[in-house]
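Report on one structure; see the data block that follows.
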There are 2 protein chains.
Amino acid sequence: MSIDVGGHLRAVRMMYGLSQRELAKRAGVTNGTISLIEQNRVSPSVSSLKKVLDGVPMSLADFFTLDLQESPQVFYARDELADIGDRDVSLRLVGAKRANRAMTIMHERYRPKADTGADMLSHKGEEGGIILTGHIELTVGGQSRVLGPGDAYYFASAVPHRFRNVGDEPCEIISASTPPTF
Amino acid sequence: MSIDVGGHLRAVRMMYGLSQRELAKRAGVTNGTISLIEQNRVSPSVSSLKKVLDGVPMSLADFFTLDLQESPQVFYARDELADIGDRDVSLRLVGAKRANRAMTIMHERYRPKADTGADMLSHKGEEGGIILTGHIELTVGGQSRVLGPGDAYYFASAVPHRFRNVGDEPCEIISASTPPTF
DNA sequence: CCGTCGCGTCTATTATTCTAAACAGAATCC
DNA sequence: GGATTCTGTTTAGAATAATAGACGCGACGG
(Lines give C-alpha, C1' and ligand atoms only; values in the text may rest on other atoms or scores of the structure.)
Protein backbone atom coordinates (compact mmCIF):
# COMPACT_ATOMS: atom_id res chain seq x y z
CA MET A 1 0.00 0.00 0.00
CA SER A 2 1.86 3.04 -1.19
CA ILE A 3 -1.04 5.39 -0.54
CA ASP A 4 -1.56 6.67 2.97
CA VAL A 5 -5.32 6.23 3.29
CA GLY A 6 -5.19 6.76 7.02
CA GLY A 7 -3.33 10.04 7.06
CA HIS A 8 -5.42 11.11 4.18
CA LEU A 9 -8.66 10.44 5.99
CA ARG A 10 -7.36 12.21 9.03
CA ALA A 11 -6.52 15.26 6.95
CA VAL A 12 -9.99 15.28 5.42
CA ARG A 13 -11.63 14.91 8.80
CA MET A 14 -9.52 17.75 10.20
CA MET A 15 -10.42 20.01 7.30
CA TYR A 16 -14.03 19.62 8.30
CA GLY A 17 -13.24 20.13 11.95
CA LEU A 18 -14.81 16.85 13.04
CA SER A 19 -13.75 14.53 15.84
CA GLN A 20 -13.46 10.80 15.26
CA ARG A 21 -16.65 10.26 17.21
CA GLU A 22 -18.60 12.94 15.38
CA LEU A 23 -17.58 11.58 12.02
CA ALA A 24 -18.27 8.04 13.16
CA LYS A 25 -21.76 9.00 14.21
CA ARG A 26 -22.53 10.69 10.92
CA ALA A 27 -21.07 7.81 8.99
CA GLY A 28 -22.74 5.06 10.97
CA VAL A 29 -19.53 3.35 12.06
CA THR A 30 -17.73 3.24 15.38
CA ASN A 31 -15.07 5.67 16.47
CA GLY A 32 -12.66 2.76 16.81
CA THR A 33 -12.98 2.07 13.13
CA ILE A 34 -11.97 5.60 12.27
CA SER A 35 -9.08 5.42 14.69
CA LEU A 36 -7.76 2.16 13.26
CA ILE A 37 -8.10 3.38 9.70
CA GLU A 38 -6.34 6.64 10.44
CA GLN A 39 -3.45 4.79 12.03
CA ASN A 40 -3.24 2.54 8.97
CA ARG A 41 -3.64 -0.45 11.25
CA VAL A 42 -6.30 -1.74 8.88
CA SER A 43 -7.07 -1.21 5.24
CA PRO A 44 -10.77 -0.40 5.15
CA SER A 45 -13.09 -2.13 2.76
CA VAL A 46 -14.42 0.05 0.01
CA SER A 47 -17.87 -0.17 1.51
CA SER A 48 -16.80 1.02 4.91
CA LEU A 49 -14.59 3.75 3.52
CA LYS A 50 -17.56 4.90 1.50
CA LYS A 51 -19.73 4.95 4.61
CA VAL A 52 -17.12 7.05 6.37
CA LEU A 53 -16.80 9.48 3.48
CA ASP A 54 -20.58 9.77 3.22
CA GLY A 55 -20.42 11.27 6.68
CA VAL A 56 -18.22 14.11 5.52
CA PRO A 57 -19.57 14.05 2.78
CA MET A 58 -17.02 13.35 0.09
CA SER A 59 -17.01 10.96 -2.84
CA LEU A 60 -14.49 8.16 -3.20
CA ALA A 61 -13.29 9.77 -6.41
CA ASP A 62 -12.61 13.02 -4.60
CA PHE A 63 -10.91 11.22 -1.77
CA PHE A 64 -8.44 9.46 -4.03
CA THR A 65 -7.96 12.50 -6.23
CA LEU A 66 -7.28 14.80 -3.34
CA ASP A 67 -3.56 14.27 -2.93
CA LEU A 68 -2.99 15.92 -6.28
CA GLN A 69 -3.69 19.23 -4.61
CA GLU A 70 -1.27 19.32 -1.74
CA SER A 71 -1.10 22.98 -0.79
CA PRO A 72 -0.94 25.23 -3.79
CA GLN A 73 -1.55 28.92 -3.33
CA VAL A 74 -5.22 29.75 -2.93
CA PHE A 75 -5.35 33.52 -2.49
CA TYR A 76 -3.88 36.07 -4.85
CA ALA A 77 -3.63 39.79 -4.18
CA ARG A 78 -4.33 41.92 -7.23
CA ASP A 79 -0.65 42.68 -7.77
CA GLU A 80 0.20 38.99 -7.57
CA LEU A 81 -1.54 38.20 -10.84
CA ALA A 82 1.16 37.35 -13.36
CA ASP A 83 1.12 39.71 -16.31
CA ILE A 84 1.94 37.90 -19.50
CA GLY A 85 0.59 40.32 -22.05
CA ASP A 86 2.24 42.75 -24.43
CA ARG A 87 1.87 46.48 -24.93
CA ASP A 88 -1.64 46.43 -26.35
CA VAL A 89 -3.15 43.49 -24.58
CA SER A 90 -2.55 42.81 -20.91
CA LEU A 91 -3.24 39.28 -19.68
CA ARG A 92 -3.11 38.90 -15.93
CA LEU A 93 -3.20 35.28 -14.80
CA VAL A 94 -4.70 33.89 -11.62
CA GLY A 95 -1.89 31.62 -10.50
CA ALA A 96 1.51 31.00 -11.96
CA LYS A 97 2.27 30.10 -15.52
CA ARG A 98 2.42 26.40 -16.28
CA ALA A 99 0.99 25.43 -12.95
CA ASN A 100 -0.84 22.14 -12.81
CA ARG A 101 -4.40 23.33 -13.15
CA ALA A 102 -7.53 22.48 -15.07
CA MET A 103 -8.29 26.06 -16.07
CA THR A 104 -6.77 29.42 -16.83
CA ILE A 105 -8.54 32.41 -15.35
CA MET A 106 -7.39 35.82 -16.55
CA HIS A 107 -8.06 39.48 -16.23
CA GLU A 108 -7.61 40.80 -19.77
CA ARG A 109 -7.20 44.43 -20.74
CA TYR A 110 -7.31 45.61 -24.35
CA ARG A 111 -6.07 49.06 -25.29
CA PRO A 112 -8.25 50.99 -27.77
CA LYS A 113 -7.82 49.47 -31.24
CA ALA A 114 -5.93 46.50 -29.84
CA ASP A 115 -6.76 43.09 -31.20
CA THR A 116 -5.52 39.53 -31.06
CA GLY A 117 -4.05 39.71 -34.53
CA ALA A 118 -5.25 39.42 -38.06
CA ASP A 119 -4.90 35.65 -37.96
CA MET A 120 -7.75 33.98 -36.26
CA LEU A 121 -6.89 32.03 -33.16
CA SER A 122 -7.76 28.37 -32.92
CA HIS A 123 -6.80 25.89 -30.27
CA LYS A 124 -8.19 23.05 -28.23
CA GLY A 125 -10.76 23.39 -25.46
CA GLU A 126 -13.42 25.88 -24.53
CA GLU A 127 -13.37 29.46 -23.35
CA GLY A 128 -15.72 32.08 -22.08
CA GLY A 129 -15.80 35.39 -20.29
CA ILE A 130 -17.68 38.43 -19.13
CA ILE A 131 -16.99 42.02 -20.22
CA LEU A 132 -16.37 44.46 -17.37
CA THR A 133 -15.74 47.75 -19.12
CA GLY A 134 -15.45 49.05 -22.66
CA HIS A 135 -16.58 47.45 -25.87
CA ILE A 136 -15.03 44.58 -27.76
CA GLU A 137 -15.82 43.04 -31.07
CA LEU A 138 -15.71 39.28 -30.92
CA THR A 139 -15.67 37.22 -34.07
CA VAL A 140 -16.31 33.50 -33.71
CA GLY A 141 -16.60 31.39 -36.81
CA GLY A 142 -18.78 33.40 -39.15
CA GLN A 143 -20.51 35.51 -36.52
CA SER A 144 -19.33 38.79 -35.14
CA ARG A 145 -20.73 40.97 -32.39
CA VAL A 146 -19.83 43.93 -30.24
CA LEU A 147 -20.11 43.18 -26.54
CA GLY A 148 -20.36 45.74 -23.76
CA PRO A 149 -20.21 45.74 -19.96
CA GLY A 150 -22.05 42.76 -18.47
CA ASP A 151 -22.23 40.91 -21.75
CA ALA A 152 -20.59 37.53 -22.04
CA TYR A 153 -19.43 34.85 -24.44
CA TYR A 154 -18.67 31.14 -24.49
CA PHE A 155 -17.41 29.01 -27.36
CA ALA A 156 -15.23 26.07 -28.36
CA SER A 157 -11.71 27.33 -28.87
CA ALA A 158 -11.26 25.23 -31.96
CA VAL A 159 -13.55 27.61 -33.83
CA PRO A 160 -11.38 30.41 -35.21
CA HIS A 161 -11.89 33.57 -33.19
CA ARG A 162 -10.61 37.08 -32.72
CA PHE A 163 -10.98 39.88 -30.22
CA ARG A 164 -10.80 43.55 -31.20
CA ASN A 165 -11.34 46.63 -29.08
CA VAL A 166 -13.55 48.84 -31.24
CA GLY A 167 -14.13 51.55 -28.62
CA ASP A 168 -12.13 54.56 -27.48
CA GLU A 169 -11.62 53.29 -23.98
CA PRO A 170 -9.75 50.26 -22.70
CA CYS A 171 -11.79 47.07 -22.57
CA GLU A 172 -11.53 44.79 -19.58
CA ILE A 173 -12.62 41.15 -19.55
CA ILE A 174 -12.52 38.34 -17.04
CA SER A 175 -12.05 35.12 -18.96
CA ALA A 176 -11.61 31.45 -18.31
CA SER A 177 -10.41 28.67 -20.57
CA THR A 178 -9.96 24.98 -20.25
CA PRO A 179 -7.61 23.25 -20.64
CA PRO A 180 -5.19 25.99 -19.63
CA THR A 181 -3.53 27.77 -22.51
CA PHE A 182 -0.78 29.29 -20.37
CA MET B 1 -23.13 0.60 -1.29
CA SER B 2 -24.62 2.72 -4.02
CA ILE B 3 -21.57 2.39 -6.22
CA ASP B 4 -21.18 -0.78 -8.26
CA VAL B 5 -17.52 -1.55 -7.64
CA GLY B 6 -17.90 -5.05 -9.01
CA GLY B 7 -19.46 -4.16 -12.33
CA HIS B 8 -17.03 -1.34 -12.56
CA LEU B 9 -14.05 -3.59 -12.07
CA ARG B 10 -15.45 -6.03 -14.58
CA ALA B 11 -15.81 -3.25 -17.13
CA VAL B 12 -12.24 -2.12 -16.56
CA ARG B 13 -10.93 -5.67 -16.84
CA MET B 14 -12.89 -6.17 -20.06
CA MET B 15 -11.53 -2.94 -21.51
CA TYR B 16 -8.08 -4.36 -21.09
CA GLY B 17 -9.12 -7.75 -22.49
CA LEU B 18 -8.00 -9.69 -19.44
CA SER B 19 -9.52 -12.82 -17.89
CA GLN B 20 -10.08 -13.02 -14.16
CA ARG B 21 -7.14 -15.39 -13.87
CA GLU B 22 -4.82 -13.22 -15.92
CA LEU B 23 -5.65 -10.16 -13.90
CA ALA B 24 -5.39 -12.12 -10.65
CA LYS B 25 -1.93 -13.32 -11.60
CA ARG B 26 -0.71 -9.83 -12.46
CA ALA B 27 -2.26 -8.39 -9.33
CA GLY B 28 -1.00 -11.10 -6.99
CA VAL B 29 -4.42 -12.19 -5.80
CA THR B 30 -6.51 -15.25 -6.54
CA ASN B 31 -9.04 -15.50 -9.31
CA GLY B 32 -11.72 -16.22 -6.74
CA THR B 33 -11.12 -12.83 -5.22
CA ILE B 34 -11.71 -11.12 -8.53
CA SER B 35 -14.82 -13.19 -9.10
CA LEU B 36 -16.31 -12.38 -5.71
CA ILE B 37 -15.55 -8.69 -6.08
CA GLU B 38 -17.06 -8.52 -9.54
CA GLN B 39 -20.25 -10.14 -8.29
CA ASN B 40 -20.38 -7.64 -5.44
CA ARG B 41 -20.44 -10.54 -3.02
CA VAL B 42 -17.68 -8.81 -1.07
CA SER B 43 -16.54 -5.24 -0.75
CA PRO B 44 -12.79 -5.36 -1.25
CA SER B 45 -10.47 -3.62 1.14
CA VAL B 46 -8.76 -0.61 -0.29
CA SER B 47 -5.45 -2.44 -0.16
CA SER B 48 -6.71 -5.41 -2.14
CA LEU B 49 -8.53 -3.25 -4.63
CA LYS B 50 -5.32 -1.35 -5.09
CA LYS B 51 -3.43 -4.61 -5.69
CA VAL B 52 -6.00 -5.60 -8.29
CA LEU B 53 -5.85 -2.23 -10.04
CA ASP B 54 -2.07 -2.31 -10.01
CA GLY B 55 -2.38 -5.33 -12.27
CA VAL B 56 -4.22 -3.34 -14.92
CA PRO B 57 -2.65 -0.84 -14.15
CA MET B 58 -5.00 1.90 -13.02
CA SER B 59 -4.98 4.27 -10.06
CA LEU B 60 -7.68 4.26 -7.43
CA ALA B 61 -8.46 7.86 -8.32
CA ASP B 62 -8.98 6.90 -11.95
CA PHE B 63 -11.07 3.92 -10.97
CA PHE B 64 -13.48 5.96 -8.92
CA THR B 65 -13.50 8.87 -11.34
CA LEU B 66 -14.19 6.75 -14.38
CA ASP B 67 -17.98 6.62 -14.36
CA LEU B 68 -18.19 10.39 -14.24
CA GLN B 69 -17.41 10.34 -17.90
CA GLU B 70 -19.87 9.50 -20.13
CA SER B 71 -24.01 24.49 -32.16
CA PRO B 72 -24.28 26.27 -29.14
CA GLN B 73 -24.92 29.94 -28.46
CA VAL B 74 -21.80 32.09 -28.43
CA PHE B 75 -22.90 35.56 -27.43
CA TYR B 76 -24.89 36.45 -24.36
CA ALA B 77 -26.31 39.87 -23.60
CA ARG B 78 -26.09 40.83 -19.95
CA ASP B 79 -29.78 40.13 -19.42
CA GLU B 80 -29.44 36.73 -21.04
CA LEU B 81 -27.31 35.38 -18.23
CA ALA B 82 -29.46 32.85 -16.37
CA ASP B 83 -29.95 33.83 -12.76
CA ILE B 84 -29.97 30.78 -10.55
CA GLY B 85 -29.25 32.36 -7.20
CA ASP B 86 -31.44 33.10 -4.24
CA ARG B 87 -32.21 36.30 -2.39
CA ASP B 88 -28.80 36.76 -0.84
CA VAL B 89 -26.55 35.32 -3.49
CA SER B 90 -27.12 35.94 -7.17
CA LEU B 91 -25.45 33.55 -9.60
CA ARG B 92 -25.68 34.57 -13.21
CA LEU B 93 -24.56 31.86 -15.59
CA VAL B 94 -22.90 32.31 -18.95
CA GLY B 95 -24.92 29.85 -21.03
CA ALA B 96 -27.87 27.72 -20.15
CA LYS B 97 -28.16 25.43 -17.19
CA ARG B 98 -27.18 21.82 -17.79
CA ALA B 99 -25.69 22.58 -21.17
CA ASN B 100 -22.92 20.31 -22.31
CA ARG B 101 -19.97 22.49 -21.39
CA ALA B 102 -16.53 21.97 -19.91
CA MET B 103 -16.77 24.97 -17.60
CA THR B 104 -19.21 27.14 -15.72
CA ILE B 105 -18.57 30.86 -15.85
CA MET B 106 -20.62 33.00 -13.53
CA HIS B 107 -21.17 36.55 -12.40
CA GLU B 108 -21.78 36.19 -8.66
CA ARG B 109 -23.22 38.86 -6.43
CA TYR B 110 -23.31 38.53 -2.64
CA ARG B 111 -25.47 40.79 -0.52
CA PRO B 112 -23.86 42.18 2.64
CA LYS B 113 -23.61 39.39 5.24
CA ALA B 114 -24.58 36.77 2.68
CA ASP B 115 -22.67 33.52 2.73
CA THR B 116 -22.75 30.10 1.16
CA GLY B 117 -24.02 28.45 4.32
CA ALA B 118 -22.61 27.15 7.56
CA ASP B 119 -21.74 23.81 6.04
CA MET B 120 -18.66 23.92 3.95
CA LEU B 121 -19.08 23.24 0.27
CA SER B 122 -17.15 20.44 -1.32
CA HIS B 123 -17.41 19.01 -4.77
CA LYS B 124 -15.29 17.77 -7.60
CA GLY B 125 -13.10 19.85 -9.86
CA GLU B 126 -11.37 23.20 -9.60
CA GLU B 127 -12.60 26.75 -9.33
CA GLY B 128 -11.25 30.24 -9.33
CA GLY B 129 -12.30 33.81 -9.72
CA ILE B 130 -11.52 37.49 -9.47
CA ILE B 131 -13.21 39.97 -7.15
CA LEU B 132 -14.73 43.01 -8.89
CA THR B 133 -16.25 45.00 -6.05
CA GLY B 134 -16.73 44.67 -2.31
CA HIS B 135 -14.99 42.38 0.11
CA ILE B 136 -15.46 38.69 0.66
CA GLU B 137 -14.05 36.32 3.20
CA LEU B 138 -13.01 33.06 1.61
CA THR B 139 -12.24 30.01 3.73
CA VAL B 140 -10.51 27.12 2.01
CA GLY B 141 -9.45 24.12 4.05
CA GLY B 142 -7.89 25.64 7.12
CA GLN B 143 -7.00 29.01 5.63
CA SER B 144 -9.18 32.08 5.55
CA ARG B 145 -8.69 35.46 3.92
CA VAL B 146 -10.57 38.61 3.02
CA LEU B 147 -10.28 39.47 -0.65
CA GLY B 148 -10.98 42.85 -2.20
CA PRO B 149 -11.33 44.27 -5.72
CA GLY B 150 -8.75 42.84 -8.10
CA ASP B 151 -7.81 40.01 -5.78
CA ALA B 152 -8.31 36.45 -6.94
CA TYR B 153 -8.45 32.84 -5.82
CA TYR B 154 -8.04 29.36 -7.23
CA PHE B 155 -8.43 26.01 -5.50
CA ALA B 156 -9.56 22.41 -5.84
CA SER B 157 -13.26 22.26 -5.14
CA ALA B 158 -12.92 19.08 -3.13
CA VAL B 159 -11.35 21.10 -0.34
CA PRO B 160 -14.17 22.39 1.84
CA HIS B 161 -14.78 26.07 1.25
CA ARG B 162 -17.11 28.90 2.06
CA PHE B 163 -17.75 32.43 0.86
CA ARG B 164 -18.99 35.17 3.16
CA ASN B 165 -19.53 38.83 2.41
CA VAL B 166 -17.99 40.60 5.39
CA GLY B 167 -18.39 44.13 4.05
CA ASP B 168 -21.29 46.58 4.01
CA GLU B 169 -21.57 46.68 0.25
CA PRO B 170 -22.50 43.96 -2.21
CA CYS B 171 -19.60 41.85 -3.41
CA GLU B 172 -19.30 40.94 -7.06
CA ILE B 173 -17.14 38.14 -8.40
CA ILE B 174 -16.52 36.61 -11.78
CA SER B 175 -15.84 32.94 -11.27
CA ALA B 176 -15.15 29.85 -13.31
CA SER B 177 -15.31 26.22 -12.34
CA THR B 178 -14.58 23.00 -14.09
CA PRO B 179 -16.27 20.65 -14.56
CA PRO B 180 -19.52 22.62 -14.54
CA THR B 181 -21.44 22.54 -11.29
CA PHE B 182 -24.67 23.80 -12.84
C1' DC C 1 -16.22 -39.50 -27.90
C1' DC C 2 -12.83 -37.91 -24.75
C1' DG C 3 -9.02 -35.04 -23.14
C1' DT C 4 -7.62 -30.51 -22.53
C1' DC C 5 -7.79 -25.96 -22.00
C1' DG C 6 -9.94 -21.81 -21.26
C1' DC C 7 -13.67 -19.33 -18.75
C1' DG C 8 -16.30 -17.80 -14.21
C1' DT C 9 -18.36 -19.63 -9.93
C1' DC C 10 -18.59 -21.78 -5.48
C1' DT C 11 -17.06 -23.75 -0.74
C1' DA C 12 -14.25 -24.50 3.61
C1' DT C 13 -10.63 -22.46 5.90
C1' DT C 14 -7.68 -18.79 7.09
C1' DA C 15 -6.81 -13.93 7.55
C1' DT C 16 -8.45 -9.41 8.19
C1' DT C 17 -11.62 -5.87 9.39
C1' DC C 18 -15.39 -3.93 12.37
C1' DT C 19 -17.78 -3.42 16.68
C1' DA C 20 -18.56 -2.54 21.55
C1' DA C 21 -16.64 -1.28 25.39
C1' DA C 22 -12.89 -0.15 28.24
C1' DC C 23 -8.87 2.88 28.79
C1' DA C 24 -5.80 7.03 29.23
C1' DG C 25 -4.78 11.91 28.66
C1' DA C 26 -6.22 16.88 28.63
C1' DA C 27 -9.42 20.69 29.50
C1' DT C 28 -13.27 22.69 32.13
C1' DC C 29 -16.09 23.43 36.06
C1' DC C 30 -17.64 23.92 40.82
C1' DG D 1 -9.44 17.87 44.09
C1' DG D 2 -12.74 15.21 41.99
C1' DA D 3 -16.36 15.04 38.76
C1' DT D 4 -17.56 15.81 33.85
C1' DT D 5 -16.67 15.83 29.11
C1' DC D 6 -14.10 15.99 25.47
C1' DT D 7 -10.15 13.89 22.89
C1' DG D 8 -7.80 9.46 20.50
C1' DT D 9 -6.31 4.63 21.44
C1' DT D 10 -6.65 -0.24 22.53
C1' DT D 11 -8.70 -5.01 22.98
C1' DA D 12 -11.70 -9.40 22.64
C1' DG D 13 -15.05 -11.16 20.00
C1' DA D 14 -18.27 -10.98 15.99
C1' DA D 15 -18.59 -10.05 11.13
C1' DT D 16 -16.57 -9.90 6.74
C1' DA D 17 -13.05 -10.62 3.09
C1' DA D 18 -9.24 -13.50 0.85
C1' DT D 19 -7.29 -17.98 -0.19
C1' DA D 20 -6.74 -22.58 -2.23
C1' DG D 21 -8.81 -25.62 -4.60
C1' DA D 22 -12.91 -27.99 -6.45
C1' DC D 23 -16.72 -27.55 -9.77
C1' DG D 24 -19.50 -26.81 -13.99
C1' DC D 25 -19.65 -25.04 -18.56
C1' DG D 26 -18.27 -24.37 -23.38
C1' DA D 27 -14.78 -24.53 -27.27
C1' DC D 28 -11.30 -26.93 -29.80
C1' DG D 29 -8.68 -31.00 -31.53
C1' DG D 30 -7.43 -35.75 -31.82
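By convention here, the chains of the C-alpha coordinates are called A, B, ... in the order presented, each chain's residues are numbered starting at 1, and ligands are numbered starting at 1 in the order presented.
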
Problem - Residues of chain A within 9 Å of chain C, counting only C-alpha atoms (C1' of nucleotides), as a ChimeraX atom specification - result: /A:29-30,32-33,42-45

Handout entry: Near-A:Ser59 list (8 Å; only C-alpha atoms (C1' of nucleotides); drop same-chain fewer than 5 positions) as a ChimeraX atom specification
Key = /A:50,53-54

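Selected on chain D by distance to chain A: DT7, DG8 and DT9 of chain D (within 8 Å, counting only C-alpha atoms (C1' of nucleotides)).
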